[in-house]
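Coordinates as given in run-v4.cif (mmCIF, C-alpha atoms):
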data_coords
#
loop_
_atom_site.label_atom_id
_atom_site.label_comp_id
_atom_site.auth_asym_id
_atom_site.auth_seq_id
_atom_site.Cartn_x
_atom_site.Cartn_y
_atom_site.Cartn_z
CA MET A 1 -3.73 8.19 12.38
CA ALA A 2 -6.98 6.60 13.39
CA GLU A 3 -8.42 10.04 14.02
CA VAL A 4 -7.33 11.19 10.61
CA ALA A 5 -8.75 8.10 8.98
CA LYS A 6 -12.00 8.63 10.80
CA ASN A 7 -12.19 12.26 9.77
CA GLU A 8 -11.37 11.43 6.20
CA ALA A 9 -14.01 8.75 6.16
CA ALA A 10 -16.52 11.20 7.59
CA ALA A 11 -15.61 13.87 5.06
CA ASP A 12 -15.80 11.33 2.27
CA SER A 13 -19.20 10.11 3.24
CA LYS A 14 -20.49 13.66 3.35
CA VAL A 15 -19.24 14.45 -0.13
CA ASN A 16 -20.33 11.24 -1.71
CA ARG A 17 -21.91 8.29 -0.03
CA ASP A 18 -22.15 6.13 -3.14
CA SER A 19 -18.61 6.01 -4.45
CA ASN A 20 -15.00 6.92 -3.68
CA PRO A 21 -13.12 9.77 -5.43
CA ARG A 22 -12.27 7.48 -8.35
CA GLY A 23 -15.87 6.43 -8.80
CA ILE A 24 -15.64 2.96 -7.26
CA PRO A 25 -19.08 2.22 -5.81
CA VAL A 26 -19.62 1.55 -2.14
CA ALA A 27 -20.81 -1.95 -1.28
CA PRO A 28 -24.28 -2.18 0.28
CA PHE A 29 -24.27 -2.79 4.01
CA VAL A 30 -26.97 -4.92 5.57
CA GLU A 31 -28.11 -3.25 8.74
CA ASP A 32 -30.74 -5.75 9.79
CA VAL A 33 -30.67 -9.20 8.23
CA GLU A 34 -34.24 -10.08 9.08
CA SER A 35 -35.75 -7.09 7.37
CA PHE A 36 -33.25 -7.33 4.51
CA VAL A 37 -34.79 -10.55 3.25
CA SER A 38 -38.54 -10.79 3.50
CA SER A 39 -38.67 -14.52 2.80
CA ARG A 40 -36.47 -17.61 2.82
CA SER A 41 -36.42 -17.77 -0.94
CA GLU A 42 -34.64 -14.42 -1.09
CA ILE A 43 -31.62 -15.62 0.85
CA GLU A 44 -30.07 -17.74 -1.86
CA PRO A 45 -30.16 -15.11 -4.66
CA ASN A 46 -28.79 -12.48 -2.29
CA LEU A 47 -25.92 -14.68 -1.23
CA LYS A 48 -25.16 -15.18 -4.88
CA LYS A 49 -25.36 -11.45 -5.52
CA PHE A 50 -22.83 -10.79 -2.75
CA GLN A 51 -20.48 -13.37 -4.21
CA GLU A 52 -20.69 -11.70 -7.60
CA MET A 53 -19.97 -8.31 -6.10
CA ILE A 54 -16.98 -9.69 -4.20
CA ALA A 55 -15.63 -11.11 -7.45
CA LYS A 56 -16.01 -7.71 -9.12
CA TYR A 57 -14.22 -5.90 -6.33
CA GLN A 58 -11.46 -8.49 -6.37
CA PHE A 59 -11.05 -7.97 -10.09
CA MET A 60 -10.66 -4.24 -9.51
CA GLU A 61 -8.27 -4.99 -6.67
CA ILE A 62 -6.01 -7.04 -8.93
CA ASN A 63 -6.01 -4.29 -11.56
CA THR A 64 -5.17 -1.64 -8.99
CA GLN A 65 -2.41 -3.79 -7.56
CA ARG A 66 -0.93 -4.18 -11.01
CA ARG A 67 -1.07 -0.45 -11.63
CA ALA A 68 0.61 0.20 -8.28
CA ALA A 69 3.34 -2.33 -9.10
CA GLY A 70 3.96 -0.56 -12.42
CA LEU A 71 4.30 2.77 -10.66
CA LYS A 72 6.61 1.26 -8.08
CA ASP A 73 8.82 0.19 -10.98
CA LYS A 74 8.68 3.56 -12.63
CA ILE A 75 9.29 5.75 -9.60
CA PRO A 76 12.85 4.54 -8.87
CA ASP A 77 13.70 5.10 -12.54
CA ILE A 78 12.52 8.69 -12.43
CA ARG A 79 14.28 9.17 -9.12
CA LYS A 80 17.56 7.84 -10.50
CA THR A 81 17.44 10.19 -13.45
CA LEU A 82 16.52 13.11 -11.22
CA GLU A 83 19.39 12.28 -8.88
CA THR A 84 21.83 12.33 -11.76
CA VAL A 85 20.48 15.66 -12.99
CA GLN A 86 20.67 17.09 -9.49
CA PHE A 87 24.23 15.88 -9.20
CA LEU A 88 25.17 17.54 -12.47
CA ILE A 89 23.59 20.79 -11.29
CA ALA A 90 25.55 20.57 -8.03
CA ARG A 91 28.68 20.01 -10.11
CA GLY A 92 28.16 23.30 -11.83
CA GLY A 93 25.62 22.80 -14.57
CA GLY A 94 22.76 25.21 -14.98
CA GLY A 95 24.82 28.21 -15.88
CA VAL A 96 26.14 29.04 -12.43
CA GLU A 97 29.19 31.04 -13.45
CA ASP A 98 31.23 31.07 -10.29
CA VAL A 99 31.27 27.29 -9.96
CA GLU A 100 34.26 25.80 -11.63
CA LYS A 101 33.16 23.49 -14.42
CA LYS A 102 35.52 20.63 -14.07
CA SER A 103 35.50 17.62 -16.29
CA PHE A 104 35.15 14.27 -14.62
CA ASP A 105 35.30 10.57 -15.42
CA THR A 106 32.41 8.20 -15.28
CA THR A 107 31.85 4.52 -15.82
CA PHE A 108 28.56 3.97 -17.55
CA GLU A 109 26.58 0.97 -18.56
CA LEU A 110 27.05 0.40 -22.26
CA ASN A 111 24.97 -2.73 -22.26
CA ASP A 112 23.90 -5.29 -19.67
CA THR A 113 26.99 -6.16 -17.61
CA LEU A 114 29.22 -4.15 -19.95
CA TYR A 115 30.61 -0.89 -18.66
CA ALA A 116 32.73 1.69 -20.42
CA LYS A 117 34.57 4.79 -19.31
CA ALA A 118 33.62 8.26 -20.40
CA THR A 119 34.90 11.67 -19.56
CA ILE A 120 32.21 14.26 -19.13
CA ASP A 121 33.24 17.70 -20.25
CA GLY A 122 32.09 19.93 -17.40
CA SER A 123 31.18 22.73 -19.77
CA THR A 124 28.60 20.64 -21.61
CA THR A 125 26.34 19.75 -18.72
CA ASP A 126 24.15 22.84 -19.12
CA GLU A 127 22.12 20.71 -21.44
CA VAL A 128 21.00 17.12 -20.95
CA TYR A 129 19.10 14.64 -23.07
CA LEU A 130 16.08 12.93 -21.66
CA TRP A 131 14.73 9.71 -23.04
CA LEU A 132 11.02 10.29 -23.45
CA GLY A 133 10.13 6.83 -24.67
CA ALA A 134 8.89 5.72 -28.08
CA ASN A 135 12.45 6.12 -29.40
CA VAL A 136 12.48 9.84 -28.79
CA MET A 137 15.17 11.71 -26.93
CA LEU A 138 15.01 15.42 -26.34
CA ALA A 139 17.56 18.00 -25.26
CA TYR A 140 16.64 20.10 -22.24
CA PRO A 141 18.41 22.90 -20.43
CA ILE A 142 19.39 21.21 -17.21
CA GLU A 143 17.13 23.30 -14.97
CA GLU A 144 14.19 22.51 -17.19
CA ALA A 145 15.07 18.83 -17.13
CA LYS A 146 15.04 18.97 -13.36
CA MET A 147 11.63 20.62 -13.31
CA LEU A 148 10.24 18.12 -15.77
CA LEU A 149 11.54 15.17 -13.78
CA GLU A 150 10.31 16.60 -10.52
CA GLY A 151 6.88 17.04 -12.06
CA LYS A 152 6.88 13.48 -13.35
CA LEU A 153 8.01 12.17 -9.99
CA SER A 154 5.35 13.97 -8.01
CA ALA A 155 2.68 12.91 -10.51
CA ALA A 156 3.78 9.29 -10.19
CA LEU A 157 3.80 9.51 -6.40
CA GLU A 158 0.36 11.08 -6.48
CA SER A 159 -1.12 8.31 -8.58
CA LEU A 160 0.57 5.71 -6.41
CA LYS A 161 -1.12 7.32 -3.42
CA ASN A 162 -4.45 7.14 -5.22
CA CYS A 163 -3.84 3.48 -6.03
CA GLU A 164 -3.13 2.76 -2.39
CA GLU A 165 -6.27 4.61 -1.33
CA ASP A 166 -8.28 2.61 -3.84
CA MET A 167 -6.77 -0.59 -2.53
CA ASP A 168 -7.81 0.30 1.02
CA PHE A 169 -11.25 1.23 -0.20
CA LEU A 170 -11.67 -1.99 -2.17
CA ARG A 171 -10.49 -4.04 0.80
CA GLN A 172 -13.17 -2.36 2.91
CA GLN A 173 -15.93 -3.08 0.43
CA ILE A 174 -14.85 -6.70 0.22
CA THR A 175 -14.84 -6.99 4.00
CA THR A 176 -18.32 -5.46 4.19
CA LEU A 177 -19.61 -7.98 1.69
CA GLU A 178 -17.91 -10.86 3.45
CA VAL A 179 -19.54 -9.86 6.70
CA ASN A 180 -22.89 -9.52 4.90
CA THR A 181 -22.47 -13.00 3.48
CA ALA A 182 -21.56 -14.53 6.82
CA ARG A 183 -24.51 -12.92 8.54
CA LEU A 184 -27.01 -13.84 5.88
CA TYR A 185 -25.69 -17.38 5.82
CA ASN A 186 -25.92 -17.68 9.58
CA TYR A 187 -29.44 -16.34 9.46
CA GLU A 188 -30.38 -19.07 7.02
CA VAL A 189 -28.85 -21.70 9.28
CA THR A 190 -30.83 -20.33 12.20
CA LEU A 191 -34.05 -20.45 10.20
CA LYS A 192 -33.40 -24.03 9.08
CA ARG A 193 -32.66 -25.09 12.62
CA ARG A 194 -35.84 -23.48 13.83
CA ASP A 195 -37.82 -25.29 11.13
CA ARG A 196 -36.33 -28.57 12.15
CA ALA A 197 -37.08 -27.97 15.81
CA GLU A 198 -40.65 -27.12 14.90
CA ALA A 199 -40.97 -30.25 12.76
CA GLU A 200 -39.74 -32.35 15.66
CA GLU A 201 -42.30 -30.75 17.95
CA GLU A 202 -44.94 -31.57 15.42
CA GLU A 203 -43.81 -35.22 15.29
CA LYS A 204 -43.97 -35.50 19.07
CA ARG A 205 -47.43 -34.05 19.17
CA LYS A 206 -48.66 -36.48 16.53
CA LYS A 207 -47.30 -39.44 18.46
CA LYS A 208 -49.16 -38.46 21.59
CA MET B 209 -12.06 -14.69 8.16
CA ASP B 210 -12.19 -18.07 9.78
CA LYS B 211 -14.82 -20.36 8.43
CA HIS B 212 -15.16 -22.72 11.33
CA LEU B 213 -18.41 -24.40 12.21
CA LEU B 214 -20.44 -22.59 14.77
CA SER B 215 -21.48 -24.30 17.93
CA HIS B 216 -24.83 -23.45 19.48
CA GLU B 217 -23.24 -21.00 21.88
CA ASP B 218 -21.38 -19.23 19.16
CA GLU B 219 -24.50 -19.05 17.16
CA ALA B 220 -26.26 -17.14 19.88
CA ALA B 221 -23.46 -14.64 19.59
CA THR B 222 -23.98 -14.23 15.86
CA GLU B 223 -27.38 -12.78 16.51
CA ILE B 224 -25.81 -9.60 17.85
CA GLN B 225 -26.76 -6.79 15.51
CA VAL B 226 -23.93 -5.45 13.39
CA THR B 227 -24.33 -1.70 13.06
CA ARG B 228 -22.82 0.56 10.44
CA ALA B 229 -20.31 1.76 13.05
CA ASP B 230 -19.29 -1.83 13.82
CA GLN B 231 -18.88 -2.53 10.14
CA ASP B 232 -16.71 0.56 9.77
CA ALA B 233 -14.57 -0.60 12.67
CA ILE B 234 -14.20 -4.03 11.10
CA ASN B 235 -13.30 -2.43 7.78
CA ARG B 236 -10.72 -0.20 9.38
CA PHE B 237 -9.16 -3.14 11.11
CA SER B 238 -9.04 -5.12 7.92
CA THR B 239 -7.45 -2.24 5.99
CA LEU B 240 -4.80 -1.68 8.63
CA HIS B 241 -4.11 -5.38 8.78
CA GLN B 242 -3.46 -5.43 5.07
CA LYS B 243 -1.27 -2.33 5.27
CA GLN B 244 0.91 -3.68 8.04
CA GLY B 245 2.22 -6.45 5.82
CA LEU B 246 3.15 -4.07 3.01
CA LEU B 247 4.81 -1.61 5.38
CA GLN B 248 6.78 -4.40 7.00
CA GLU B 249 8.16 -5.40 3.61
CA GLU B 250 9.04 -1.83 2.80
CA LEU B 251 10.80 -1.48 6.13
CA GLU B 252 12.87 -4.60 5.51
CA ALA B 253 13.99 -3.28 2.13
CA LYS B 254 14.97 0.10 3.59
CA ARG B 255 16.85 -1.51 6.46
CA GLN B 256 18.75 -3.64 4.00
CA GLU B 257 19.65 -0.56 2.00
CA LYS B 258 20.82 1.23 5.11
CA GLU B 259 23.02 -1.72 5.96
CA TYR B 260 24.60 -1.50 2.53
CA LEU B 261 25.25 2.19 2.99
CA THR B 262 26.82 1.58 6.39
CA ASP B 263 29.00 -1.16 4.91
CA VAL B 264 30.17 1.16 2.15
CA SER B 265 30.91 3.93 4.64
CA SER B 266 33.09 1.71 6.78
CA GLU B 267 34.77 0.29 3.73
CA LEU B 268 35.66 3.80 2.61
CA GLU B 269 37.43 4.49 5.90
CA LEU B 270 40.17 2.27 4.55
CA ALA B 271 40.24 3.77 1.07
CA ASP B 272 43.16 5.65 -0.35
CA GLU B 273 42.51 9.37 -0.18
CA GLU B 274 44.43 10.02 -3.35
CA GLU B 275 42.32 7.77 -5.48
CA LEU B 276 38.96 8.55 -7.03
CA VAL B 277 36.03 6.44 -5.94
CA PRO B 278 33.48 5.25 -8.47
CA TYR B 279 30.17 6.34 -6.92
CA LYS B 280 26.90 5.19 -8.36
CA ILE B 281 24.30 7.82 -9.13
CA GLY B 282 21.41 6.65 -11.22
CA ASP B 283 22.77 3.96 -13.50
CA SER B 284 26.35 5.16 -13.91
CA PHE B 285 29.40 5.46 -11.74
CA PHE B 286 30.95 8.88 -11.26
CA HIS B 287 34.60 8.95 -10.33
CA LEU B 288 34.80 11.34 -7.43
CA PRO B 289 37.26 12.31 -4.72
CA LEU B 290 36.82 10.39 -1.48
CA GLU B 291 35.66 13.40 0.49
CA GLU B 292 32.84 14.15 -1.90
CA VAL B 293 31.71 10.53 -1.91
CA GLN B 294 31.59 10.51 1.88
CA GLU B 295 29.44 13.61 1.84
CA LEU B 296 27.01 12.07 -0.64
CA LEU B 297 26.91 8.88 1.40
CA GLU B 298 26.13 10.77 4.55
CA LYS B 299 23.24 12.48 2.83
CA SER B 300 21.86 9.18 1.56
CA THR B 301 22.20 7.57 4.96
CA ALA B 302 20.43 10.47 6.66
CA ARG B 303 17.61 10.26 4.15
CA ILE B 304 17.15 6.55 4.53
CA GLU B 305 17.19 6.84 8.31
CA GLU B 306 14.42 9.39 8.09
CA GLU B 307 12.40 7.08 5.86
CA ILE B 308 12.91 4.15 8.21
CA GLU B 309 11.76 6.20 11.15
CA GLU B 310 8.69 7.34 9.27
CA ILE B 311 7.70 3.76 8.45
CA GLU B 312 8.35 2.62 12.01
CA ASN B 313 6.13 5.38 13.35
CA LYS B 314 3.37 4.41 10.96
CA LEU B 315 3.63 0.76 11.92
CA GLU B 316 3.46 1.64 15.59
CA LYS B 317 0.44 3.88 15.17
CA HIS B 318 -1.36 1.23 13.15
CA ARG B 319 -0.57 -1.35 15.80
CA GLU B 320 -2.08 0.85 18.48
CA THR B 321 -5.23 1.54 16.48
CA MET B 322 -5.60 -2.16 15.72
CA GLU B 323 -5.32 -2.99 19.43
CA GLU B 324 -8.01 -0.45 20.25
CA LEU B 325 -10.28 -1.81 17.53
CA LYS B 326 -9.65 -5.35 18.76
CA VAL B 327 -10.72 -4.47 22.29
CA GLU B 328 -13.79 -2.69 20.98
CA LEU B 329 -14.84 -5.46 18.63
CA TYR B 330 -14.11 -8.38 20.92
CA ALA B 331 -16.08 -6.65 23.66
CA LYS B 332 -19.10 -6.57 21.42
CA PHE B 333 -18.85 -9.75 19.39
CA GLY B 334 -16.84 -12.07 21.60
CA LYS B 335 -16.34 -15.42 19.94
CA ALA B 336 -18.34 -14.47 16.87
CA ILE B 337 -15.39 -12.58 15.46
CA ASN B 338 -11.81 -13.60 14.96
CA LEU B 339 -9.25 -10.84 14.56
CA ASP B 340 -6.10 -12.83 15.25
CA VAL B 341 -4.15 -14.52 12.54
#
Could the structure of this file be written out as structure tokens, please?
Amino acid sequence: MAEVAKNEAAADSKVNRDSNPRGIPVAPFVEDVESFVSSRSEIEPNLKKFQEMIAKYQFMEINTQRRAAGLKDKIPDIRKTLETVQFLIARGGGGVEDVEKKSFDTTFELNDTLYAKATIDGSTTDEVYLWLGANVMLAYPIEEAKMLLEGKLSAALESLKNCEEDMDFLRQQITTLEVNTARLYNYEVTLKRRDRAEAEEEEKRKKK
Amino acid sequence: MDKHLLSHEDEAATEIQVTRADQDAINRFSTLHQKQGLLQEELEAKRQEKEYLTDVSSELELADEEELVPYKIGDSFFHLPLEEVQELLEKSTARIEEEIEEIENKLEKHRETMEELKVELYAKFGKAINLDV
């Protein structure tokens, strides 16, 4: 896994060093703090800049999380419908002649917490109706319905995978910036301490 | 990241240069750390589901063979002969077991990688870095 991640990271950086496949920019990495800021006065604005960038990445992170949550809601729905269609096909839908098309009973949800019985005529399951949203329902031959649902399912899984990749990527950029911030901050503390030590030396010398 | 005050000793440690490779290692650790939590949750949910399936299977051992069993597919119940229901249940159980195993493998691999990264990073940064929660 680590190997794969490493290879992927390497491949990614070769293709594009500035952004990920969905165009999210890479956070700047500070290699050497001392040469990154040429003077003390640059520390403060840079710290602020990092904070702003972190906030932006976190905003994107929240959006991506929300999108992923939406997909996680949607995927089981598609799966349920697909399972039902697959079951109907196994029962003899889809025009398979030698399978006996028996009728069978079902209990279906008429409304929340209200169930009713229905008998499904086995000879009618060659065609199913899919709810497409926006108050539209369309009749499909059952095989076509299966293909459509499978397509929708794999598309949803694909975008969920992208969301998860983006989330990893965003996490990494945030971590980079957090480390940058910590190092820059520590550098400032070191400089201040050095100043103070020097001032004390100066005091001592004056007293002598 | 822990924001504790640095002592003088610790501060000396912070002057270690962080290279791009180190940063990548830190990032990888952080990503895996985040993933572990999500995977753990997913695993719990799947285990719960498997338990339900096992419960149903054992319950059905006692069922009357003559009677139809309402079996839930999607949002509706289909009234099916016991034998058919048992077959469907078996399939579902096998699938969920596969999924559980897959998640467990992932978790284990992540754990290993995180341990390796920990060793690597602690060796270089010592007290200046905190990778334990």
Legend entry - Interface, chain A side, toward chain B (10 Å; only C-alpha atoms) as a PyMOL selection string: chain A and resi 1-3+5-6+9+29-33+76-87+104-110+115-120+164+167-176+178-180+182-183+186-187+189-190
Inset, instruction - For Ser154 of chain A, please output as a ChimeraX atom specification all residues within 12 Å (counting only C-alpha atoms; exclusion window: fewer than 3 positions along the same chain). - result: /A:71,74-75,78-79,82,147-151,157-161
Legend entry - Distance in Å - atom CA of Glu298 of chain B versus atom CA of Glu312 of chain B: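 So the two atoms, atom CA of Glu298 of chain B and atom CA of Glu312 of chain B, lie 20.9 Å apart.
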Inset, instruction - Kindly give the distance, in Å, that separates atom CA of Asp73 of chain A and atom CA of Lys152 of chain A, rounded to a single decimal. - result: 13.6 Å
Inset, instruction - Take atom CA of Val277 of chain B and atom CA of Ser300 of chain B and report the distance between them in Å, one decimal. - result: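 Interatomic distance here is 16.3 Å.
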Inset, instruction - Have a look at B:Leu315, B:Gln256, B:Glu307, B:Asp340 and name the one nearest to Val327 of chain B; count only C-alpha atoms. - result: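 Of all the options, B:Asp340 lies closest to Val327 of chain B.
Closest approach to Arg319 of chain B among B:Tyr260, B:Gln244, B:Ala229, B:Leu339 is made by B:Gln244 (distances from all atoms listed in the file).
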Inset, instruction - Convert the output of the PyMOL selection byres ((chain A and resi 36-46) around 9) on the shown file into explicit residues, formatted as a VMD selection string. - result: chain A and resid 30 to 35 47 to 51 181 184 to 185 187 to 188 191
Would you output that residue set with C-alpha atoms, as an mmCIF file, keeping the file's coordinate frame?
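Below is the file part_2.cif, written as the result:
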data_model
loop_
_atom_site.group_PDB
_atom_site.id
_atom_site.type_symbol
_atom_site.label_atom_id
_atom_site.label_comp_id
_atom_site.auth_asym_id
_atom_site.auth_seq_id
_atom_site.Cartn_x
_atom_site.Cartn_y
_atom_site.Cartn_z
ATOM 1 C CA VAL A 30 -26.970 -4.920 5.570
ATOM 2 C CA GLU A 31 -28.110 -3.250 8.740
ATOM 3 C CA ASP A 32 -30.740 -5.750 9.790
ATOM 4 C CA VAL A 33 -30.670 -9.200 8.230
ATOM 5 C CA GLU A 34 -34.240 -10.080 9.080
ATOM 6 C CA SER A 35 -35.750 -7.090 7.370
ATOM 7 C CA LEU A 47 -25.920 -14.680 -1.230
ATOM 8 C CA LYS A 48 -25.160 -15.180 -4.880
ATOM 9 C CA LYS A 49 -25.360 -11.450 -5.520
ATOM 10 C CA PHE A 50 -22.830 -10.790 -2.750
ATOM 11 C CA GLN A 51 -20.480 -13.370 -4.210
ATOM 12 C CA THR A 181 -22.470 -13.000 3.480
ATOM 13 C CA LEU A 184 -27.010 -13.840 5.880
ATOM 14 C CA TYR A 185 -25.690 -17.380 5.820
ATOM 15 C CA TYR A 187 -29.440 -16.340 9.460
ATOM 16 C CA GLU A 188 -30.380 -19.070 7.020
ATOM 17 C CA LEU A 191 -34.050 -20.450 10.200
#
Legend entry - Target residues per the PyMOL selection byres ((chain B and resi 311) around 12), formatted as a PyMOL selection string: chain B and resi 243-255+304-310+312-318
Some atoms are absent from segment 107-132 of chain A, so rebuild N, CA and C atoms and return them as a short mmCIF file (atom, residue, chain, number, x, y, z; two decimals), keeping the file's coordinate frame.
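Final output, part15.cif:
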data_model
loop_
_atom_site.label_atom_id
_atom_site.label_comp_id
_atom_site.auth_asym_id
_atom_site.auth_seq_id
_atom_site.Cartn_x
_atom_site.Cartn_y
_atom_site.Cartn_z
N THR A 107 31.95 5.85 -15.24
CA THR A 107 31.85 4.52 -15.82
C THR A 107 30.37 4.31 -16.05
N PHE A 108 30.01 4.07 -17.28
CA PHE A 108 28.56 3.97 -17.55
C PHE A 108 28.24 2.63 -18.18
N GLU A 109 27.01 2.27 -18.06
CA GLU A 109 26.58 0.97 -18.56
C GLU A 109 26.34 1.07 -20.06
N LEU A 110 27.16 0.35 -20.81
CA LEU A 110 27.05 0.40 -22.26
C LEU A 110 25.98 -0.59 -22.70
N ASN A 111 25.97 -1.71 -21.99
CA ASN A 111 24.97 -2.73 -22.26
C ASN A 111 24.88 -3.54 -20.97
N ASP A 112 23.97 -4.48 -20.87
CA ASP A 112 23.90 -5.29 -19.67
C ASP A 112 25.28 -5.87 -19.36
N THR A 113 25.71 -5.65 -18.13
CA THR A 113 26.99 -6.16 -17.61
C THR A 113 28.22 -5.64 -18.34
N LEU A 114 28.04 -4.71 -19.27
CA LEU A 114 29.22 -4.15 -19.95
C LEU A 114 29.32 -2.66 -19.65
N TYR A 115 30.43 -2.29 -19.03
CA TYR A 115 30.61 -0.89 -18.66
C TYR A 115 31.76 -0.27 -19.43
N ALA A 116 31.65 1.01 -19.71
CA ALA A 116 32.73 1.69 -20.42
C ALA A 116 33.02 3.01 -19.71
N LYS A 117 34.20 3.53 -19.94
CA LYS A 117 34.57 4.79 -19.31
C LYS A 117 34.23 5.96 -20.22
N ALA A 118 33.86 7.05 -19.61
CA ALA A 118 33.62 8.26 -20.40
C ALA A 118 34.04 9.46 -19.58
N THR A 119 34.59 10.44 -20.25
CA THR A 119 34.90 11.67 -19.56
C THR A 119 33.83 12.69 -19.92
N ILE A 120 33.24 13.26 -18.88
CA ILE A 120 32.21 14.26 -19.13
C ILE A 120 32.87 15.64 -19.10
N ASP A 121 32.70 16.35 -20.17
CA ASP A 121 33.24 17.70 -20.25
C ASP A 121 32.33 18.60 -19.40
N GLY A 122 32.88 19.15 -18.35
CA GLY A 122 32.09 19.93 -17.40
C GLY A 122 31.35 21.10 -18.02
N SER A 123 31.82 21.56 -19.18
CA SER A 123 31.18 22.73 -19.77
C SER A 123 29.97 22.35 -20.62
N THR A 124 29.71 21.05 -20.75
CA THR A 124 28.60 20.64 -21.61
C THR A 124 27.36 20.22 -20.82
N THR A 125 27.45 20.29 -19.50
CA THR A 125 26.34 19.75 -18.72
C THR A 125 25.20 20.76 -18.51
N ASP A 126 25.27 21.89 -19.21
CA ASP A 126 24.15 22.84 -19.12
C ASP A 126 22.93 22.28 -19.84
N GLU A 127 23.21 21.29 -20.67
CA GLU A 127 22.12 20.71 -21.44
C GLU A 127 22.18 19.19 -21.30
N VAL A 128 21.03 18.59 -21.05
CA VAL A 128 21.00 17.12 -20.95
C VAL A 128 19.93 16.57 -21.89
N TYR A 129 20.05 15.30 -22.17
CA TYR A 129 19.10 14.64 -23.07
C TYR A 129 18.25 13.67 -22.29
N LEU A 130 16.96 13.84 -22.37
CA LEU A 130 16.08 12.93 -21.66
C LEU A 130 15.39 11.99 -22.63
N TRP A 131 15.40 10.73 -22.25
CA TRP A 131 14.73 9.71 -23.04
C TRP A 131 13.24 9.80 -22.73
N LEU A 132 12.44 10.11 -23.72
CA LEU A 132 11.02 10.29 -23.45
C LEU A 132 10.21 9.04 -23.75
#
